[in-house]
$ cat target-v3.cif   # mmCIF, C-alpha atoms
data_entry
loop_
_atom_site.label_atom_id
_atom_site.label_comp_id
_atom_site.auth_asym_id
_atom_site.auth_seq_id
_atom_site.Cartn_x
_atom_site.Cartn_y
_atom_site.Cartn_z
CA MET A 1 28.65 0.29 -0.90
CA ILE A 2 27.05 3.45 0.31
CA ARG A 3 23.56 3.80 -1.05
CA LEU A 4 22.17 7.25 -1.28
CA LEU A 5 18.53 8.19 -1.19
CA ARG A 6 17.69 11.46 -2.80
CA VAL A 7 14.43 13.28 -2.77
CA ARG A 8 13.74 14.48 -6.23
CA MET A 9 11.69 17.60 -6.59
CA SER A 10 10.73 17.44 -10.19
CA THR A 11 7.53 17.27 -12.09
CA ASP A 12 8.21 13.74 -13.37
CA SER A 13 5.88 11.95 -11.01
CA ARG A 14 3.02 14.23 -12.01
CA GLN A 15 3.26 13.12 -15.59
CA VAL A 16 0.50 10.72 -16.45
CA SER A 17 1.89 7.40 -17.66
CA GLU A 18 -0.02 4.67 -19.41
CA ALA A 19 0.28 1.00 -18.59
CA THR A 20 -1.17 -2.16 -20.07
CA ILE A 21 -2.60 -4.88 -17.86
CA GLU A 22 -0.44 -7.88 -18.68
CA ARG A 23 -1.86 -10.34 -16.20
CA ILE A 24 -4.54 -10.60 -13.52
CA VAL A 25 -4.33 -12.99 -10.57
CA GLU A 26 -7.39 -13.68 -8.47
CA HIS A 27 -6.26 -14.45 -4.92
CA ASN A 28 -9.84 -14.90 -3.78
CA PRO A 29 -13.21 -13.65 -5.10
CA ASP A 30 -12.66 -10.16 -3.62
CA THR A 31 -8.91 -9.73 -4.02
CA ARG A 32 -6.98 -9.42 -7.26
CA SER A 33 -3.49 -8.52 -8.39
CA PHE A 34 -3.06 -6.53 -11.59
CA PHE A 35 0.33 -6.72 -13.29
CA LEU A 36 0.99 -3.49 -15.16
CA CYS A 37 3.49 -2.91 -17.96
CA PRO A 38 4.23 0.82 -18.24
CA ARG A 39 4.46 1.97 -21.84
CA THR A 40 7.92 3.39 -21.56
CA ASP A 41 11.44 2.25 -22.34
CA GLN A 42 12.71 3.64 -19.05
CA ARG A 43 12.95 1.50 -15.96
CA PHE A 44 10.32 2.43 -13.39
CA ASN A 45 12.08 3.14 -10.11
CA PHE A 46 10.39 3.18 -6.74
CA VAL A 47 11.11 2.53 -3.07
CA PRO A 48 9.41 -0.43 -1.32
CA GLY A 49 6.20 0.80 0.27
CA GLN A 50 5.33 3.45 -2.33
CA PHE A 51 2.09 3.59 -4.28
CA LEU A 52 0.80 4.43 -7.73
CA SER A 53 -1.91 7.03 -8.14
CA LEU A 54 -4.32 5.63 -10.70
CA GLN A 55 -6.43 8.00 -12.78
CA LEU A 56 -9.66 6.11 -13.41
CA PRO A 57 -12.40 7.29 -15.76
CA VAL A 58 -15.66 6.68 -13.89
CA ASP A 59 -19.01 8.33 -14.62
CA GLY A 60 -17.48 11.02 -16.79
CA LYS A 61 -14.93 12.05 -14.15
CA ILE A 62 -11.35 11.10 -13.43
CA LEU A 63 -11.05 9.45 -10.03
CA THR A 64 -7.67 9.54 -8.28
CA ARG A 65 -7.08 6.36 -6.33
CA PRO A 66 -3.85 5.18 -4.64
CA TYR A 67 -2.74 1.55 -4.85
CA SER A 68 0.39 0.28 -3.14
CA ILE A 69 2.97 -1.44 -5.30
CA ALA A 70 3.11 -5.10 -4.34
CA SER A 71 6.18 -5.99 -6.37
CA ASN A 72 9.84 -5.36 -5.60
CA PRO A 73 11.86 -2.64 -7.32
CA GLU A 74 14.42 -5.27 -8.36
CA ASP A 75 11.86 -7.52 -10.05
CA GLU A 76 12.00 -7.87 -13.80
CA GLU A 77 8.29 -8.59 -13.74
CA PRO A 78 5.68 -5.92 -14.45
CA LEU A 79 4.50 -3.66 -11.62
CA GLU A 80 1.99 -5.41 -9.39
CA ILE A 81 -0.83 -3.71 -7.55
CA CYS A 82 -3.13 -5.75 -5.35
CA LEU A 83 -6.51 -4.62 -4.11
CA ASN A 84 -9.77 -5.64 -2.54
CA LEU A 85 -13.14 -5.12 -4.15
CA VAL A 86 -14.56 -2.48 -1.81
CA PRO A 87 -18.36 -2.48 -1.42
CA GLY A 88 -19.50 0.73 -3.13
CA GLY A 89 -15.92 1.58 -4.04
CA GLN A 90 -15.93 3.16 -7.49
CA GLY A 91 -12.21 2.71 -8.07
CA SER A 92 -12.02 -0.98 -7.21
CA HIS A 93 -15.22 -1.79 -9.12
CA TYR A 94 -13.82 -0.08 -12.20
CA LEU A 95 -10.54 -1.98 -11.97
CA PHE A 96 -12.30 -5.31 -11.41
CA SER A 97 -14.21 -4.67 -14.67
CA LEU A 98 -10.96 -4.51 -16.64
CA GLY A 99 -9.24 -7.40 -18.38
CA VAL A 100 -5.86 -8.35 -19.74
CA GLY A 101 -4.81 -5.95 -22.50
CA ASP A 102 -6.78 -3.00 -21.12
CA SER A 103 -4.96 0.20 -20.24
CA VAL A 104 -4.80 2.32 -17.11
CA ASN A 105 -3.28 5.74 -16.52
CA PHE A 106 -1.25 6.53 -13.44
CA THR A 107 1.14 8.98 -11.82
CA GLY A 108 3.83 8.25 -9.30
CA PRO A 109 5.48 6.60 -7.52
CA TRP A 110 4.37 8.45 -4.41
CA GLY A 111 4.41 8.08 -0.66
CA THR A 112 6.75 8.20 2.30
CA PHE A 113 5.70 5.00 4.09
CA THR A 114 8.81 3.31 2.77
CA LEU A 115 11.74 1.15 3.74
CA ASP A 116 14.89 1.76 1.77
CA GLN A 117 17.46 0.53 4.28
CA ALA A 118 17.14 -2.40 6.68
CA PRO A 119 16.10 -1.12 10.13
CA ALA A 120 18.93 -0.27 12.51
CA ALA A 121 17.05 -2.07 15.30
CA GLU A 122 14.64 -4.99 15.65
CA GLY A 123 11.94 -4.45 13.02
CA ILE A 124 8.33 -5.39 13.71
CA PHE A 125 5.95 -5.34 10.75
CA LEU A 126 2.24 -5.27 11.51
CA ALA A 127 0.03 -6.05 8.51
CA ASP A 128 -3.74 -6.21 8.77
CA GLY A 129 -5.46 -7.80 5.77
CA ILE A 130 -4.61 -6.07 2.49
CA GLY A 131 -2.04 -4.02 4.43
CA ILE A 132 0.44 -6.79 3.60
CA VAL A 133 0.77 -5.33 0.09
CA PRO A 134 3.36 -2.59 0.83
CA ILE A 135 4.81 -4.49 3.81
CA ARG A 136 5.99 -7.48 1.76
CA PRO A 137 8.41 -5.54 -0.50
CA MET A 138 9.64 -3.61 2.56
CA ILE A 139 10.60 -6.86 4.32
CA HIS A 140 12.06 -8.19 1.08
CA ARG A 141 14.31 -5.12 0.84
CA ALA A 142 15.52 -5.57 4.42
CA LEU A 143 16.22 -9.27 3.87
CA MET A 144 18.10 -8.59 0.63
CA GLN A 145 20.36 -6.26 2.61
CA ASN A 146 21.18 -8.99 5.14
CA ALA A 147 19.43 -7.19 7.96
CA GLN A 148 21.57 -7.24 11.10
CA PHE A 149 18.59 -7.17 13.44
CA SER A 150 15.66 -9.54 13.62
CA LEU A 151 12.59 -8.88 11.49
CA ARG A 152 9.19 -10.10 12.59
CA LEU A 153 5.94 -10.02 10.66
CA LEU A 154 2.63 -10.11 12.54
CA TYR A 155 0.03 -10.74 9.85
CA SER A 156 -3.66 -10.61 10.65
CA THR A 157 -6.57 -11.58 8.40
CA ASP A 158 -10.13 -12.78 8.78
CA CYS A 159 -9.51 -16.35 7.62
CA GLU A 160 -6.93 -18.58 6.00
CA GLN A 161 -8.04 -17.91 2.42
CA ASP A 162 -7.39 -14.20 2.93
CA LEU A 163 -3.68 -14.77 3.58
CA LEU A 164 -1.83 -13.26 0.63
CA TYR A 165 1.69 -14.18 -0.55
CA ARG A 166 1.85 -16.92 2.05
CA ASN A 167 4.25 -19.09 0.03
CA ASP A 168 6.76 -16.24 -0.28
CA ILE A 169 6.46 -15.28 3.33
CA GLU A 170 6.65 -18.81 4.69
CA MET A 171 9.68 -19.45 2.48
CA TRP A 172 11.43 -16.50 4.11
CA THR A 173 11.00 -18.13 7.52
CA ARG A 174 13.02 -21.09 6.22
CA GLN A 175 15.60 -19.06 4.28
CA TYR A 176 16.44 -16.29 6.72
CA VAL A 177 17.22 -16.93 10.35
CA GLN A 178 16.52 -13.32 11.23
CA PHE A 179 12.94 -13.46 9.91
CA SER A 180 9.95 -14.81 11.81
CA LEU A 181 6.21 -14.84 11.22
CA GLU A 182 3.12 -14.92 13.39
CA ILE A 183 -0.30 -15.30 11.80
CA PHE A 184 -3.50 -14.11 13.41
CA LEU A 185 -6.79 -15.41 12.03
CA ARG A 186 -10.02 -13.93 13.29
CA HIS A 187 -11.70 -17.18 12.15
CA PRO A 188 -8.99 -19.84 12.53
CA SER A 189 -9.19 -23.14 10.70
CA GLU A 190 -8.24 -26.54 12.02
CA ARG A 191 -5.53 -26.92 9.39
CA ARG A 192 -3.61 -23.82 10.31
CA PRO A 193 -2.69 -23.03 13.86
CA ALA A 194 -2.95 -19.32 14.44
CA LEU A 195 -2.78 -16.99 17.35
CA GLN A 196 -6.02 -15.98 18.99
CA GLY A 197 -7.04 -12.51 20.00
CA SER A 198 -6.48 -9.24 18.27
CA LEU A 199 -3.25 -7.85 16.93
CA LEU A 200 -3.68 -4.90 19.27
CA GLU A 201 -3.92 -7.13 22.35
CA TYR A 202 -0.94 -9.18 21.28
CA VAL A 203 1.23 -6.13 20.62
CA GLU A 204 0.28 -4.60 23.94
CA ASP A 205 1.16 -7.79 25.78
CA ARG A 206 4.37 -8.61 23.93
CA TYR A 207 5.89 -5.21 23.17
CA VAL A 208 4.49 -2.97 25.88
CA LYS A 209 3.85 -4.99 29.04
CA ARG A 210 6.34 -7.79 28.80
CA ASP A 211 9.62 -5.88 28.48
CA GLU A 212 11.06 -2.41 28.67
CA ASP A 213 13.03 -2.48 25.44
CA ARG A 214 11.92 0.57 23.46
CA SER A 215 14.51 0.40 20.70
CA ARG A 216 12.33 -1.40 18.15
CA CYS A 217 11.04 0.01 14.85
CA PHE A 218 7.43 -0.64 13.84
CA TYR A 219 5.89 -0.56 10.37
CA ILE A 220 2.09 -0.72 10.46
CA CYS A 221 -0.34 -0.95 7.56
CA GLY A 222 -4.00 -1.78 7.27
CA VAL A 223 -7.51 -0.50 6.87
CA GLY A 224 -9.40 1.36 9.57
CA ALA A 225 -8.93 2.48 13.14
CA GLN A 226 -6.69 -0.38 14.30
CA VAL A 227 -3.72 1.26 12.58
CA THR A 228 -3.95 4.46 14.60
CA GLN A 229 -4.80 2.48 17.74
CA LEU A 230 -1.54 0.56 17.32
CA ARG A 231 0.32 3.81 16.68
CA ASP A 232 -1.11 5.42 19.80
CA LEU A 233 -0.42 2.33 21.91
CA LEU A 234 3.23 2.14 20.90
CA ARG A 235 4.02 5.83 21.04
CA GLY A 236 2.19 6.12 24.32
CA ALA A 237 4.33 3.28 25.70
CA GLY A 238 7.54 5.14 24.98
CA TYR A 239 8.60 4.06 21.49
CA GLN A 240 10.07 6.92 19.49
CA ARG A 241 7.57 8.74 17.31
CA ARG A 242 9.72 8.26 14.23
CA ALA A 243 10.22 4.59 15.01
CA VAL A 244 6.48 3.96 14.63
CA LEU A 245 5.71 4.36 10.93
CA TYR A 246 2.31 3.60 9.52
CA GLU A 247 -0.05 3.90 6.59
CA LYS A 248 -3.78 3.83 7.18
CA TRP A 249 -6.27 3.23 4.41
CA MET B 1 -20.27 32.88 3.64
CA ALA B 2 -16.76 31.43 3.61
CA THR B 3 -13.98 32.61 1.37
CA LEU B 4 -10.89 30.73 0.20
CA ARG B 5 -8.19 32.86 -1.38
CA ILE B 6 -5.50 30.88 -3.17
CA LEU B 7 -2.03 32.29 -3.86
CA TYR B 8 0.58 30.43 -5.85
CA GLU B 9 4.29 30.39 -5.06
CA THR B 10 4.88 29.92 -8.77
CA GLY B 11 3.45 33.38 -9.40
CA ASP B 12 0.32 32.11 -11.13
CA PRO B 13 -2.67 34.47 -10.77
CA GLU B 14 -4.45 34.17 -7.44
CA LYS B 15 -7.96 32.74 -7.26
CA THR B 16 -10.83 33.32 -4.85
CA ILE B 17 -13.73 31.02 -4.02
CA GLU B 18 -16.78 32.20 -2.10
CA PHE B 19 -19.08 29.46 -0.92
CA ASP B 20 -21.83 28.52 1.49
CA LEU B 21 -20.49 26.17 4.20
CA ASP B 22 -23.85 24.44 4.38
CA LYS B 23 -23.43 23.24 0.79
CA ALA B 24 -20.24 21.26 1.51
CA PRO B 25 -19.08 18.65 0.66
CA PHE B 26 -18.64 19.51 -2.98
CA GLN B 27 -17.13 16.28 -4.34
CA HIS B 28 -15.56 13.02 -3.13
CA ASP B 29 -11.86 13.54 -2.44
CA GLY B 30 -10.54 14.70 0.94
CA GLN B 31 -12.41 15.30 4.16
CA PRO B 32 -15.87 16.77 3.50
CA GLY B 33 -15.54 20.56 3.47
CA SER B 34 -11.74 20.47 3.34
CA ILE B 35 -9.64 22.92 1.34
CA LEU B 36 -9.17 20.16 -1.25
CA ASP B 37 -12.88 19.44 -1.39
CA VAL B 38 -13.72 23.13 -1.81
CA MET B 39 -11.11 23.68 -4.51
CA LEU B 40 -11.99 20.60 -6.57
CA GLY B 41 -15.68 21.33 -6.17
CA HIS B 42 -15.11 24.73 -7.75
CA GLY B 43 -13.01 23.49 -10.64
CA ILE B 44 -9.60 24.45 -9.21
CA SER B 45 -7.04 21.67 -9.13
CA LEU B 46 -4.77 20.75 -6.23
CA GLU B 47 -2.42 17.80 -6.37
CA HIS B 48 -3.72 14.87 -4.29
CA ALA B 49 -1.95 11.70 -5.34
CA CYS B 50 -3.47 9.56 -2.60
CA GLY B 51 -7.00 10.59 -3.49
CA GLY B 52 -7.31 12.83 -0.44
CA ASN B 53 -6.90 9.94 2.02
CA CYS B 54 -4.15 11.47 4.17
CA ALA B 55 -1.49 9.12 2.81
CA CYS B 56 0.87 11.60 1.11
CA THR B 57 1.77 15.28 1.22
CA THR B 58 1.03 16.36 -2.30
CA CYS B 59 -1.86 18.61 -1.21
CA HIS B 60 0.45 20.54 1.16
CA VAL B 61 -0.61 24.19 1.48
CA ILE B 62 0.62 27.02 3.70
CA VAL B 63 -2.11 28.89 5.55
CA LYS B 64 -1.29 32.60 5.40
CA SER B 65 -4.30 33.71 7.42
CA GLY B 66 -7.58 32.38 8.76
CA MET B 67 -6.24 29.26 10.51
CA ALA B 68 -8.88 29.73 13.23
CA ASN B 69 -11.57 29.02 10.64
CA LEU B 70 -10.14 25.56 9.98
CA SER B 71 -10.25 22.29 11.94
CA GLU B 72 -7.25 21.48 14.12
CA ASN B 73 -4.43 19.25 12.94
CA GLU B 74 -4.59 15.60 13.92
CA GLU B 75 -1.59 13.37 14.53
CA THR B 76 -1.77 11.56 11.19
CA GLU B 77 -1.70 14.88 9.32
CA ASP B 78 1.26 16.09 11.39
CA ASP B 79 3.16 12.84 10.82
CA LEU B 80 2.82 13.28 7.08
CA LEU B 81 3.59 16.98 7.11
CA ASP B 82 6.90 16.19 8.82
CA ARG B 83 7.98 14.76 5.48
CA ALA B 84 6.70 17.56 3.28
CA PRO B 85 9.25 19.71 1.49
CA GLY B 86 9.11 23.38 2.48
CA LEU B 87 7.32 22.71 5.80
CA THR B 88 6.28 25.83 7.74
CA PRO B 89 4.60 26.34 11.13
CA THR B 90 1.30 27.00 9.33
CA SER B 91 1.51 24.12 6.87
CA ARG B 92 -1.60 21.99 6.44
CA LEU B 93 -2.73 19.17 4.19
CA GLY B 94 -5.48 20.45 1.94
CA CYS B 95 -7.35 17.15 2.27
CA GLN B 96 -7.50 17.38 6.10
CA ALA B 97 -7.98 21.09 6.87
CA VAL B 98 -11.75 21.48 7.05
CA PHE B 99 -13.63 24.79 7.00
CA GLU B 100 -15.49 25.00 10.32
CA LYS B 101 -16.44 28.68 10.41
CA ASP B 102 -17.45 31.37 7.98
CA GLY B 103 -14.72 33.87 7.16
CA GLU B 104 -11.67 34.13 4.96
CA VAL B 105 -8.83 31.64 4.68
CA VAL B 106 -5.80 32.58 2.59
CA ILE B 107 -3.47 29.79 1.45
CA ILE B 108 -0.28 29.56 -0.54
CA VAL B 109 0.21 26.57 -2.82
CA PRO B 110 3.94 25.81 -2.62
CA ARG B 111 6.07 25.44 -5.70
CA TYR B 112 6.98 21.91 -4.66
CA THR B 113 4.34 19.60 -3.32
CA ILE B 114 5.94 16.33 -4.23
CA ASN B 115 7.21 13.77 -1.75
CA GLN B 116 8.49 11.38 -4.32
CA GLN B 117 11.52 9.34 -3.35
CA VAL B 118 13.59 7.61 -5.97
CA LYS B 119 17.01 6.16 -6.24
#

$ encode --input "target-v3.cif" --output "C-alpha cells"
Amino acid sequence: MIRLLRVRMSTDSRQVSEATIERIVEHNPDTRSFFLCPRTDQRFNFVPGQFLSLQLPVDGKILTRPYSIASNPEDEEPLEICLNLVPGGQGSHYLFSLGVGDSVNFTGPWGTFTLDQAPAAEGIFLADGIGIVPIRPMIHRALMQNAQFSLRLLYSTDCEQDLLYRNDIEMWTRQYVQFSLEIFLRHPSERRPALQGSLLEYVEDRYVKRDEDRSRCFYICGVGAQVTQLRDLLRGAGYQRRAVLYEKW
Amino acid sequence: MATLRILYETGDPEKTIEFDLDKAPFQHDGQPGSILDVMLGHGISLEHACGGNCACTTCHVIVKSGMANLSENEETEDDLLDRAPGLTPTSRLGCQAVFEKDGEVVIIVPRYTINQQVK
C-alpha cells in the first residue's frame, strides 16, 4: 500500500483544543507522563516525533510550551506527553501542580522532526535523557513497517532510574531482529552493564573512525549542546545533511 | 532607536514598532532581542508553537529590508527553514533573528506559517 504524506496548510492546528488529564505516571521524582484526552469526537492524528504546544496560564500570562508526544498515533490510549521538572521552569512547574481531571489547552500537532516511513538505510537513533520521548514512537513506526534496514538505539542517561520506557525498548530487542539497543549510563550501577564514556565519543569512534560507510540516517534528540555537537560531528564526517535529523531542547 | 515594520501577506494593516535596543529583551519567548521577542513585548502576536525554542517554523518571516541589522543565521535555524512553506532567500525565524544594530527592519509575515504534517 502506498502511504501518502501531505502537508496541510490550514488553520486547524492553530485552533486551541482542550484536553483532560486522565492519568499521571511518575517515572521518577522529576519525570512524569501526563495522559491527555482531547475533548473532541475526532481522532487526533499526528506523525511520530511531533509535539503539542501547550498554552499554560502562569502569572496572568499564557505561556507557550512545546512537549513531544510520547505515544504512538495508532494507540487507542490518550495522548501521552512526558517531561522533566525543570529547575525554574515555569511550564513544567505548572504542569506538575496539576492532577487527574484538570484541563489543559493546546494547539498542534507541530514539528518536522518526524519519522513517517522506515528509513531507507541503517537508522541510528541517539537519545539523550528525556530525548527518548519523541524517539520511541519514531522507532515504533519503523518497526511496525517491518524496516528493511537495521535500527539501533543509543540511549544515554545519568543513571539507571532515569531510563524511561525500558520495558518496551528491551522487549523490542527480543521481538525484532533488526533492532538493537546500547545504553550509556553516566553513573552506571552494578546491576546493569552499560557502556562507558560519552555518546559523542562512542559515535565518533563507531560511526566516523571505524568505517567509511556514510549511508546511515541519524535521528538525534536531547537537551543542550551535545545534540548540535553530534550533528556537527556527523555532517563534518561526510554524512548527508538531510540524513542527520535532530531536535534540540 | 530601532524600528520594526511588519507587513502581512494576508493584507492586514501594517504595524510599526519603535524601540530602544538597550531595553531588550521584552519578554521570555525567543532569543533575547529577536523579532519574536520585540513583537510579543509590544503586544503584537506572531505564531511560535515551540515557544520560541527553534524547534519549528511557525514564526517564519521574510525580511524585506534591513537584514544587516539582524544577527546571522545559524545552522539550526537554516535546517528548520528548509522545511518552511514559502521559503525565500531572505527567510528568517522570528525567534532567532536578533536585532544587533539600530535602524529599520521590514518583515513580511507569510500567509502560511504552519509546518504541520498529518496523514

$ residues_near_point --input "target-v3.cif" --point "(-8.5, 11.0, 1.7)" --cutoff "8 Å" --atoms "all atoms listed in the file" --output "PDB file with C-alpha atoms, in the frame of the given file"
ATOM      1  CA  ASP B  29     -11.860  13.540  -2.440  1.00  0.00           C
ATOM      2  CA  GLY B  30     -10.540  14.700   0.940  1.00  0.00           C
ATOM      3  CA  GLN B  31     -12.410  15.300   4.160  1.00  0.00           C
ATOM      4  CA  CYS B  50      -3.470   9.560  -2.600  1.00  0.00           C
ATOM      5  CA  GLY B  51      -7.000  10.590  -3.490  1.00  0.00           C
ATOM      6  CA  GLY B  52      -7.310  12.830  -0.440  1.00  0.00           C
ATOM      7  CA  ASN B  53      -6.900   9.940   2.020  1.00  0.00           C
ATOM      8  CA  CYS B  54      -4.150  11.470   4.170  1.00  0.00           C
ATOM      9  CA  ALA B  55      -1.490   9.120   2.810  1.00  0.00           C
ATOM     10  CA  CYS B  95      -7.350  17.150   2.270  1.00  0.00           C
ATOM     11  CA  GLN B  96      -7.500  17.380   6.100  1.00  0.00           C
TER      12      GLN B  96
END

$ closest_residue --input "target-v3.cif" --among "A:His140, A:Arg214, A:Arg174, A:His187" --to "Asp158 (chain A)" --atoms "all atoms listed in the file"
A:His187

$ closest_residue --input "target-v3.cif" --among "B:Val105, B:Met67, B:Ile62, B:Ala97" --to "Ala84 (chain B)" --atoms "all atoms listed in the file"
B:Ile62

$ closest_residue --input "target-v3.cif" --among "B:Ser45, B:Ser65, B:Asn73, B:Thr57" --to "Pro85 (chain B)" --atoms "all atoms listed in the file"
B:Thr57

$ resolve_selection --input "target-v3.cif" --expression "the PyMOL selection byres ((chain B) within 12 of (chain A))" --output "PyMOL selection string"
chain B and resi 27-30+40+46-58+74-86+110-119

$ write_last_selection --input "target-v3.cif" --atoms "C-alpha atoms" --output "PDB file, in the coordinates of the input"
ATOM      1  CA  GLN B  27     -17.130  16.280  -4.340  1.00  0.00           C
ATOM      2  CA  HIS B  28     -15.560  13.020  -3.130  1.00  0.00           C
ATOM      3  CA  ASP B  29     -11.860  13.540  -2.440  1.00  0.00           C
ATOM      4  CA  GLY B  30     -10.540  14.700   0.940  1.00  0.00           C
ATOM      5  CA  LEU B  40     -11.990  20.600  -6.570  1.00  0.00           C
ATOM      6  CA  LEU B  46      -4.770  20.750  -6.230  1.00  0.00           C
ATOM      7  CA  GLU B  47      -2.420  17.800  -6.370  1.00  0.00           C
ATOM      8  CA  HIS B  48      -3.720  14.870  -4.290  1.00  0.00           C
ATOM      9  CA  ALA B  49      -1.950  11.700  -5.340  1.00  0.00           C
ATOM     10  CA  CYS B  50      -3.470   9.560  -2.600  1.00  0.00           C
ATOM     11  CA  GLY B  51      -7.000  10.590  -3.490  1.00  0.00           C
ATOM     12  CA  GLY B  52      -7.310  12.830  -0.440  1.00  0.00           C
ATOM     13  CA  ASN B  53      -6.900   9.940   2.020  1.00  0.00           C
ATOM     14  CA  CYS B  54      -4.150  11.470   4.170  1.00  0.00           C
ATOM     15  CA  ALA B  55      -1.490   9.120   2.810  1.00  0.00           C
ATOM     16  CA  CYS B  56       0.870  11.600   1.110  1.00  0.00           C
ATOM     17  CA  THR B  57       1.770  15.280   1.220  1.00  0.00           C
ATOM     18  CA  THR B  58       1.030  16.360  -2.300  1.00  0.00           C
ATOM     19  CA  GLU B  74      -4.590  15.600  13.920  1.00  0.00           C
ATOM     20  CA  GLU B  75      -1.590  13.370  14.530  1.00  0.00           C
ATOM     21  CA  THR B  76      -1.770  11.560  11.190  1.00  0.00           C
ATOM     22  CA  GLU B  77      -1.700  14.880   9.320  1.00  0.00           C
ATOM     23  CA  ASP B  78       1.260  16.090  11.390  1.00  0.00           C
ATOM     24  CA  ASP B  79       3.160  12.840  10.820  1.00  0.00           C
ATOM     25  CA  LEU B  80       2.820  13.280   7.080  1.00  0.00           C
ATOM     26  CA  LEU B  81       3.590  16.980   7.110  1.00  0.00           C
ATOM     27  CA  ASP B  82       6.900  16.190   8.820  1.00  0.00           C
ATOM     28  CA  ARG B  83       7.980  14.760   5.480  1.00  0.00           C
ATOM     29  CA  ALA B  84       6.700  17.560   3.280  1.00  0.00           C
ATOM     30  CA  PRO B  85       9.250  19.710   1.490  1.00  0.00           C
ATOM     31  CA  GLY B  86       9.110  23.380   2.480  1.00  0.00           C
ATOM     32  CA  PRO B 110       3.940  25.810  -2.620  1.00  0.00           C
ATOM     33  CA  ARG B 111       6.070  25.440  -5.700  1.00  0.00           C
ATOM     34  CA  TYR B 112       6.980  21.910  -4.660  1.00  0.00           C
ATOM     35  CA  THR B 113       4.340  19.600  -3.320  1.00  0.00           C
ATOM     36  CA  ILE B 114       5.940  16.330  -4.230  1.00  0.00           C
ATOM     37  CA  ASN B 115       7.210  13.770  -1.750  1.00  0.00           C
ATOM     38  CA  GLN B 116       8.490  11.380  -4.320  1.00  0.00           C
ATOM     39  CA  GLN B 117      11.520   9.340  -3.350  1.00  0.00           C
ATOM     40  CA  VAL B 118      13.590   7.610  -5.970  1.00  0.00           C
ATOM     41  CA  LYS B 119      17.010   6.160  -6.240  1.00  0.00           C
TER      42      LYS B 119
END

$ residues_around --input "target-v3.cif" --residues "Phe179 (chain A)" --least-positions-apart "2" --cutoff "10 Å" --atoms "all atoms listed in the file" --output "mmCIF file with C-alpha atoms, keeping the file's coordinate frame"
data_model
loop_
_atom_site.group_PDB
_atom_site.id
_atom_site.type_symbol
_atom_site.label_atom_id
_atom_site.label_comp_id
_atom_site.auth_asym_id
_atom_site.auth_seq_id
_atom_site.Cartn_x
_atom_site.Cartn_y
_atom_site.Cartn_z
ATOM 1 C CA GLY A 123 11.940 -4.450 13.020
ATOM 2 C CA ILE A 139 10.600 -6.860 4.320
ATOM 3 C CA ALA A 142 15.520 -5.570 4.420
ATOM 4 C CA LEU A 143 16.220 -9.270 3.870
ATOM 5 C CA ALA A 147 19.430 -7.190 7.960
ATOM 6 C CA PHE A 149 18.590 -7.170 13.440
ATOM 7 C CA SER A 150 15.660 -9.540 13.620
ATOM 8 C CA LEU A 151 12.590 -8.880 11.490
ATOM 9 C CA ARG A 152 9.190 -10.100 12.590
ATOM 10 C CA LEU A 153 5.940 -10.020 10.660
ATOM 11 C CA ILE A 169 6.460 -15.280 3.330
ATOM 12 C CA GLU A 170 6.650 -18.810 4.690
ATOM 13 C CA TRP A 172 11.430 -16.500 4.110
ATOM 14 C CA THR A 173 11.000 -18.130 7.520
ATOM 15 C CA ARG A 174 13.020 -21.090 6.220
ATOM 16 C CA GLN A 175 15.600 -19.060 4.280
ATOM 17 C CA TYR A 176 16.440 -16.290 6.720
ATOM 18 C CA VAL A 177 17.220 -16.930 10.350
ATOM 19 C CA LEU A 181 6.210 -14.840 11.220
#

$ atom_distance --input "target-v3.cif" --atom1 "CA of Thr90 (chain B)" --atom2 "CA of Ile107 (chain B)"
9.6 Å
